[in-house]
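Here's protein.cif, which has mmCIF, C-alpha atoms:
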data_structure
loop_
_atom_site.label_atom_id
_atom_site.label_comp_id
_atom_site.auth_asym_id
_atom_site.auth_seq_id
_atom_site.Cartn_x
_atom_site.Cartn_y
_atom_site.Cartn_z
CA MET E 1 18.31 -13.26 14.66
CA LYS E 2 15.08 -14.69 16.08
CA SER E 3 11.96 -15.99 14.36
CA ILE E 4 8.40 -16.49 15.55
CA HIS E 5 5.31 -18.23 14.23
CA ILE E 6 1.93 -16.96 15.39
CA GLU E 7 -1.37 -18.70 14.65
CA ALA E 8 -4.58 -17.11 15.90
CA ARG E 9 -8.26 -17.00 14.99
CA THR E 10 -8.80 -13.25 14.61
CA LEU E 11 -6.81 -10.26 13.41
CA PRO E 12 -6.47 -8.41 16.76
CA GLU E 13 -5.58 -11.60 18.61
CA ALA E 14 -2.87 -12.37 16.07
CA TRP E 15 -1.37 -8.87 16.13
CA GLU E 16 -1.34 -8.72 19.93
CA ALA E 17 0.37 -12.10 20.22
CA ALA E 18 2.96 -11.12 17.61
CA VAL E 19 3.98 -7.82 19.20
CA ARG E 20 4.21 -9.45 22.63
CA ARG E 21 6.47 -12.19 21.28
CA CYS E 22 8.59 -9.61 19.47
CA TRP E 23 9.05 -7.73 22.76
CA GLU E 24 9.84 -10.87 24.74
CA GLU E 25 12.04 -12.68 22.22
CA GLY E 26 13.32 -10.08 19.79
CA ALA E 27 17.01 -9.80 19.01
CA ARG E 28 18.61 -6.39 19.51
CA PHE E 29 19.35 -4.40 16.35
CA ARG E 30 20.40 -0.82 15.71
CA THR E 31 18.38 0.94 12.99
CA GLN E 32 18.79 3.85 10.58
CA TYR E 33 16.05 5.71 12.46
CA ASP E 34 17.56 5.63 15.96
CA LYS E 35 17.97 8.91 17.78
CA PRO E 36 20.89 9.51 20.20
CA GLY E 37 20.27 7.54 23.37
CA ASP E 38 17.66 5.17 21.91
CA PRO E 39 18.11 1.52 22.93
CA PRO E 40 18.40 -1.01 20.09
CA SER E 41 15.15 -2.16 18.55
CA ARG E 42 13.69 -5.59 19.31
CA ASP E 43 13.40 -7.51 16.07
CA VAL E 44 12.18 -10.89 14.83
CA ALA E 45 11.44 -12.53 11.53
CA CYS E 46 7.82 -13.58 11.77
CA LEU E 47 4.98 -15.45 10.16
CA ILE E 48 1.50 -14.56 11.41
CA HIS E 49 -1.30 -16.89 10.30
CA VAL E 50 -4.83 -15.59 10.89
CA LYS E 51 -7.39 -18.37 10.47
CA GLU E 52 -10.52 -16.16 10.42
CA PRO E 53 -9.32 -12.63 9.56
CA PHE E 54 -12.86 -11.32 8.98
CA ALA E 55 -14.34 -12.70 12.19
CA GLU E 56 -15.55 -10.12 14.72
CA PRO E 57 -14.34 -8.39 16.76
CA ARG E 58 -11.88 -7.33 14.11
CA ILE E 59 -10.07 -4.29 15.54
CA HIS E 60 -7.70 -3.96 18.51
CA LYS E 61 -8.56 -1.11 20.87
CA ALA E 62 -4.90 -0.35 21.58
CA PHE E 63 -3.42 -0.16 18.10
CA PRO E 64 -1.62 3.20 17.78
CA GLY E 65 -3.88 5.63 15.94
CA GLY E 66 -7.58 6.30 15.81
CA LEU E 67 -10.36 4.47 14.00
CA ASP E 68 -10.66 7.43 11.61
CA ASP E 69 -6.93 6.98 10.82
CA LEU E 70 -7.58 3.32 10.08
CA GLU E 71 -10.28 4.29 7.57
CA VAL E 72 -8.00 6.83 5.89
CA TYR E 73 -5.24 4.23 5.58
CA ARG E 74 -7.70 1.72 4.13
CA ALA E 75 -8.69 4.31 1.52
CA GLU E 76 -5.05 4.97 0.67
CA VAL E 77 -4.31 1.29 0.04
CA LEU E 78 -7.55 0.36 -1.73
CA TYR E 79 -8.40 3.53 -3.63
CA GLY E 80 -5.24 5.62 -3.83
CA VAL E 81 -6.82 8.70 -2.26
CA HIS E 82 -3.36 10.20 -1.73
CA ASP E 83 -1.60 9.01 -4.87
CA HIS E 84 -1.54 12.66 -5.98
CA TRP E 85 0.88 13.35 -3.12
CA ILE E 86 3.58 11.32 -4.89
CA ALA E 87 6.22 13.86 -5.90
CA PRO E 88 9.72 12.71 -4.87
CA GLU E 89 11.34 15.55 -6.83
CA GLU E 90 9.58 17.92 -4.42
CA GLY E 91 10.58 15.97 -1.34
CA LYS E 92 7.09 14.46 -0.98
CA TRP E 93 5.98 10.82 -1.09
CA GLU E 94 8.03 8.52 -3.30
CA TYR E 95 5.29 5.94 -3.85
CA THR E 96 2.12 4.51 -2.37
CA TYR E 97 1.15 0.87 -2.10
CA HIS E 98 -1.91 1.62 -4.21
CA GLU E 99 0.19 3.11 -7.00
CA ARG E 100 2.57 0.16 -7.00
CA LEU E 101 -0.25 -2.43 -6.98
CA PHE E 102 -2.76 -0.75 -9.29
CA ALA E 103 -0.53 1.42 -11.51
CA TYR E 104 2.91 -0.22 -11.56
CA LYS E 105 5.29 1.78 -13.73
CA VAL E 106 7.90 -0.09 -15.78
CA PRO E 107 10.72 1.72 -17.64
CA GLY E 108 10.11 1.72 -21.39
CA ARG E 109 6.43 0.88 -21.02
CA ALA E 110 4.02 3.73 -21.71
CA LYS E 111 1.06 2.42 -19.73
CA PRO E 112 1.25 1.36 -16.06
CA ILE E 113 0.18 -2.17 -15.14
CA ASP E 114 -2.88 -2.73 -12.95
CA GLN E 115 -1.53 -5.79 -11.18
CA ILE E 116 -4.66 -6.40 -9.10
CA ALA E 117 -6.83 -6.45 -12.24
CA ALA E 118 -4.35 -8.90 -13.75
CA VAL E 119 -4.54 -11.10 -10.64
CA VAL E 120 -8.35 -11.17 -10.83
CA LYS E 121 -8.23 -12.05 -14.53
CA MET E 122 -5.71 -14.83 -13.89
CA LEU E 123 -7.74 -16.37 -11.05
CA ARG E 124 -10.93 -16.25 -13.09
CA LYS E 125 -9.22 -18.11 -15.90
CA THR E 126 -7.28 -20.59 -13.73
CA PRO E 127 -8.66 -20.68 -10.17
CA TYR E 128 -5.98 -23.15 -9.01
CA THR E 129 -3.01 -21.07 -10.19
CA ARG E 130 -0.08 -20.31 -7.87
CA ARG E 131 0.98 -17.34 -10.01
CA ALA E 132 -1.51 -14.70 -8.86
CA GLN E 133 0.75 -12.17 -7.21
CA ALA E 134 1.43 -8.43 -7.37
CA VAL E 135 4.76 -6.86 -6.44
CA THR E 136 5.78 -3.43 -5.22
CA TRP E 137 9.59 -3.51 -5.37
CA GLN E 138 11.24 -1.71 -8.27
CA ALA E 139 14.90 -2.75 -8.30
CA TRP E 140 15.81 -0.01 -10.79
CA ASN E 141 14.48 2.60 -8.39
CA ASP E 142 14.11 1.42 -4.80
CA LEU E 143 17.73 0.46 -4.07
CA GLY E 144 18.68 4.12 -3.87
CA ILE E 145 15.65 6.05 -2.65
CA ARG E 146 15.10 7.63 0.76
CA ASP E 147 12.06 5.53 1.74
CA PRO E 148 11.92 2.22 -0.17
CA ALA E 149 8.74 0.16 -0.15
CA CYS E 150 8.26 -2.06 2.90
CA LEU E 151 5.51 -4.23 1.39
CA GLN E 152 7.12 -6.46 -1.24
CA ARG E 153 4.33 -8.58 -2.68
CA VAL E 154 0.81 -9.87 -2.22
CA TRP E 155 -0.02 -13.45 -3.24
CA PHE E 156 -3.58 -14.64 -3.74
CA ARG E 157 -4.70 -18.25 -3.89
CA ILE E 158 -8.12 -19.79 -4.27
CA GLU E 159 -8.60 -22.84 -2.07
CA GLN E 160 -10.96 -25.34 -3.62
CA GLY E 161 -14.21 -26.03 -1.79
CA GLU E 162 -13.68 -29.64 -0.77
CA GLY E 163 -15.71 -30.19 2.37
CA ARG E 164 -16.91 -26.57 2.36
CA GLU E 165 -19.82 -24.76 0.78
CA SER E 166 -17.64 -22.75 -1.63
CA ASP E 167 -14.14 -21.93 -2.76
CA ARG E 168 -12.36 -19.26 -0.73
CA LEU E 169 -9.62 -16.72 -1.36
CA ASN E 170 -6.54 -16.82 0.84
CA LEU E 171 -3.97 -14.01 0.93
CA ALA E 172 -0.29 -14.08 1.89
CA ILE E 173 1.71 -10.87 2.03
CA HIS E 174 5.49 -10.52 2.28
CA ILE E 175 6.82 -7.36 3.89
CA ARG E 176 10.50 -6.43 4.08
CA SER E 177 10.43 -4.22 7.16
CA ASN E 178 7.43 -3.86 9.46
CA ASP E 179 7.03 -1.54 12.44
CA ALA E 180 5.36 -4.11 14.68
CA PHE E 181 3.79 -1.70 17.14
CA LYS E 182 3.05 1.47 15.17
CA ALA E 183 2.14 0.10 11.73
CA ALA E 184 1.54 -3.65 11.59
CA PHE E 185 -2.09 -3.72 12.71
CA MET E 186 -3.09 -1.04 10.18
CA ASN E 187 -1.16 -2.93 7.50
CA MET E 188 -2.88 -6.21 8.33
CA TYR E 189 -6.31 -4.59 8.41
CA ALA E 190 -5.88 -2.80 5.06
CA PHE E 191 -4.38 -5.81 3.30
CA THR E 192 -7.28 -8.00 4.41
CA GLU E 193 -9.66 -5.32 3.12
CA LEU E 194 -7.90 -5.71 -0.25
CA GLN E 195 -8.44 -9.46 0.11
CA ARG E 196 -12.15 -8.75 0.65
CA GLU E 197 -12.40 -6.67 -2.53
CA VAL E 198 -10.60 -9.24 -4.69
CA ALA E 199 -12.79 -12.05 -3.31
CA ALA E 200 -15.91 -10.02 -4.16
CA LYS E 201 -14.70 -9.54 -7.74
CA LEU E 202 -14.12 -13.29 -8.03
CA GLY E 203 -17.37 -14.27 -6.32
CA VAL E 204 -15.65 -16.55 -3.81
CA ALA E 205 -15.71 -16.73 -0.03
CA LEU E 206 -13.14 -15.10 2.23
CA GLY E 207 -10.33 -17.33 3.42
CA GLU E 208 -7.27 -17.10 5.64
CA TYR E 209 -4.50 -14.50 5.87
CA VAL E 210 -0.74 -14.95 6.26
CA HIS E 211 1.52 -12.00 7.12
CA ILE E 212 5.26 -12.60 6.62
CA ALA E 213 7.77 -9.99 7.79
CA ASP E 214 11.54 -10.27 7.40
CA SER E 215 12.04 -7.63 10.10
CA PHE E 216 9.14 -7.26 12.54
CA HIS E 217 10.43 -4.73 15.02
CA ILE E 218 9.69 -2.42 17.94
CA TYR E 219 11.84 0.71 17.84
CA GLY E 220 13.75 1.68 20.97
CA SER E 221 12.20 5.15 20.87
CA TYR E 222 8.77 3.54 21.45
CA PHE E 223 9.69 1.38 24.44
CA GLY E 224 8.00 3.60 27.02
CA GLU E 225 4.80 3.75 24.99
CA PHE E 226 4.93 0.02 24.35
CA GLU E 227 5.24 -0.73 28.06
CA GLY E 228 2.02 1.28 28.53
CA PHE E 229 0.39 -0.90 25.86
CA LEU E 230 1.49 -4.03 27.74
CA GLY E 231 -0.01 -2.65 30.93
CA MET E 232 -3.31 -1.96 29.17
CA ILE E 233 -3.66 -5.43 27.69
CA GLY E 234 -2.73 -6.94 31.05
CA ARG E 235 -5.55 -5.07 32.80
CA ARG E 236 -8.38 -5.23 30.29
CA PRO E 237 -10.23 -8.29 29.04
CA ASP E 238 -12.27 -6.16 26.58
CA ARG E 239 -9.45 -5.27 24.19
CA PHE E 240 -11.22 -5.43 20.82
CA PHE E 241 -13.73 -3.37 18.79
CA THR E 242 -16.29 -4.72 16.33
CA SER E 243 -16.57 -3.20 12.87
CA GLU E 244 -20.10 -2.12 13.70
CA PHE E 245 -18.89 -0.16 16.72
CA ALA E 246 -16.22 1.50 14.56
CA ARG E 247 -18.63 2.53 11.79
CA PRO E 248 -19.24 6.15 13.01
CA MET E 249 -15.48 6.73 13.41
CA PHE E 250 -14.86 5.24 9.98
CA ALA E 251 -17.36 7.77 8.65
CA ASP E 252 -15.36 10.53 10.37
CA GLY E 253 -12.27 9.32 8.50
CA VAL E 254 -14.14 9.55 5.20
CA ARG E 255 -15.30 13.07 6.05
CA ARG E 256 -11.69 14.02 6.76
CA LEU E 257 -10.79 12.92 3.24
CA LEU E 258 -13.77 14.71 1.69
CA ALA E 259 -12.67 17.90 3.47
CA GLU E 260 -9.29 17.82 1.71
CA LYS E 261 -9.42 20.53 -0.95
CA ASP E 262 -6.94 18.73 -3.22
CA LEU E 263 -8.78 15.39 -3.21
CA PRO E 264 -9.17 14.49 -6.90
CA PRO E 265 -12.78 14.37 -8.19
CA ALA E 266 -12.63 10.65 -9.01
CA LYS E 267 -11.45 9.85 -5.48
CA ARG E 268 -14.09 12.18 -4.02
CA ARG E 269 -16.80 10.17 -5.79
CA ILE E 270 -15.37 6.92 -4.38
CA MET E 271 -15.34 8.30 -0.86
CA LYS E 272 -18.90 9.62 -1.14
CA ARG E 273 -19.98 6.10 -2.06
CA ARG E 274 -18.02 4.75 0.89
CA LEU E 275 -19.80 7.18 3.20
CA GLN E 276 -23.15 5.99 1.86
CA ALA E 277 -22.08 2.37 2.41
CA LEU E 278 -21.27 3.25 6.02
CA GLY E 279 -24.81 4.61 6.35
CA ALA E 280 -23.64 8.10 7.27
CA ALA E 281 -24.60 11.60 6.16
CA GLU E 282 -22.02 13.37 4.05
CA GLY E 283 -21.33 16.46 6.16
CA ALA E 284 -18.49 17.63 3.88
CA PRO E 285 -18.11 19.06 0.38
#
Please express the file's structure as structure tokens.
Amino acid sequence: MKSIHIEARTLPEAWEAAVRRCWEEGARFRTQYDKPGDPPSRDVACLIHVKEPFAEPRIHKAFPGGLDDLEVYRAEVLYGVHDHWIAPEEGKWEYTYHERLFAYKVPGRAKPIDQIAAVVKMLRKTPYTRRAQAVTWQAWNDLGIRDPACLQRVWFRIEQGEGRESDRLNLAIHIRSNDAFKAAFMNMYAFTELQREVAAKLGVALGEYVHIADSFHIYGSYFGEFEGFLGMIGRRPDRFFTSEFARPMFADGVRRLLAEKDLPPAKRRIMKRRLQALGAAEGAP
């Protein structure tokens, strides 16, 4: 087993450094997802500390997926736009992060718990608390399901404003298993967007971000693609996008969601407001 500690100023710098270190230093592990002939994954335990997660440029050009995909994933985590796809008895999704964070179901309790609302309430009452966390793991359920939650918990802490203009909200997340190349950047981006929303509700500044993964891995089936990624970052100094550049593609992601015929009305209203915030025309029902 190997471990790495990454500290970087911005989100894309931190992710790039982490996946490179995973590739260079990762221990070799077989996985439950290997196909015949796949080499063992490269795997590290890691802590990634991003000092200015909202500084621009904020997006890596070479993260797998498009900018519209990044917007859709953001909407899934923050707003639960695909919570209605949860139907494990039909072989569909078994959970979403949004459902676990905002509507956590407990056996014997009639009403789900909105953990993020509880975190906000707790921090308003006691800004210096160390207890403001939300969890996703359900031991009574997740030990036996096909696709157990990777994200385990999110932990918020307000740092007092000594020597600064205002207090700021830091976020640490703990993730059990994290696909370093295919998923980690989108995870980091969406979780910091959640940090942004909680900070806005509290009226405090945005702070730092810590991403802890027990297994931060690159699957053997991706090695060829990952070597292409390494070649790209070795050739190009301009490897990052600003949020402003991404705005039209984010709008495309919102339009994709609005075009889904089964998108619930409440979620449709949220996404129409998001499209307006992006300064884009609707262009979809």
* Quote the spacing between CA of Ile116 in chain E and CA of Lys267 in chain E in Å to one decimal place. => 18.0 Å
* Asked: What is the distance between CA of Arg74 in chain E and CA of Ala190 in chain E, in Å to one decimal?
  ->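 For CA of Arg74 in chain E relative to CA of Ala190 in chain E, the distance reads 5.0 Å.
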* Compute the distance from (-1.8, -6.2, 10.8) to each atom, counting only C-alpha atoms, keep the residues with any atom at most 10 Å away, and return them as a ChimeraX atom specification; use the coordinates of the file. => /E:11-12,14-16,18,48,50,53,59-60,63,178,180-181,183-192,210-211
* Picked residues, the PyMOL selection byres ((chain E and resi 216-225) around 8), expected as a VMD selection string -> chain E and resid 19 22 to 23 26 34 to 35 38 to 46 177 to 181 213 to 215 226 to 229
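When all atoms listed in the file are used to compute distances to Pro112 in chain E, the closest of the residues E:Lys2, E:Arg168, E:Arg100, E:Arg196 turns out to be E:Arg100.
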* Expressed in Å to a single decimal, how great is the separation between CA of His5 in chain E and CA of Leu47 in chain E? ->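 If I compute the distance from CA of His5 in chain E to CA of Leu47 in chain E, I get 4.9 Å.
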* Would you kindly return, as a PyMOL selection string, each protein, DNA or RNA residue with an atom no farther than 12 Å from any atom of range 89-91 of chain E, considering all atoms listed in the file and excluding same-chain residues fewer than 2 positions away? => chain E and resi 85-87+93-95+145-147
* Excluding same-chain residues fewer than 3 positions from Leu206 in chain E, what lies within 8 Å of it counting all atoms listed in the file, as a list of chain:residue names? ->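 The neighbour list is E:Phe54, E:Arg168, E:Leu169, E:Asn170, E:Gln195, E:Arg196, E:Ala199.
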* Evaluate the PyMOL selection byres ((chain E and resi 272) around 12) and report residues as a ChimeraX atom specification -> /E:75,251,253-259,263,265-271,273-285
Here's the selection I'm unsure about, the PyMOL selection byres ((chain E and resi 106) around 12); applied to the file above, which residues does it give, as a tab-separated table (two decimals) with C-alpha atoms, in the frame of the given file?
chain	number	residue	atom	x	y	z
E	100	ARG	CA	2.57	0.16	-7.00
E	103	ALA	CA	-0.53	1.42	-11.51
E	104	TYR	CA	2.91	-0.22	-11.56
E	105	LYS	CA	5.29	1.78	-13.73
E	107	PRO	CA	10.72	1.72	-17.64
E	108	GLY	CA	10.11	1.72	-21.39
E	109	ARG	CA	6.43	0.88	-21.02
E	110	ALA	CA	4.02	3.73	-21.71
E	111	LYS	CA	1.06	2.42	-19.73
E	112	PRO	CA	1.25	1.36	-16.06
E	113	ILE	CA	0.18	-2.17	-15.14
E	114	ASP	CA	-2.88	-2.73	-12.95
E	115	GLN	CA	-1.53	-5.79	-11.18
E	135	VAL	CA	4.76	-6.86	-6.44
E	136	THR	CA	5.78	-3.43	-5.22
E	137	TRP	CA	9.59	-3.51	-5.37
E	138	GLN	CA	11.24	-1.71	-8.27
E	139	ALA	CA	14.90	-2.75	-8.30
E	140	TRP	CA	15.81	-0.01	-10.79
E	141	ASN	CA	14.48	2.60	-8.39
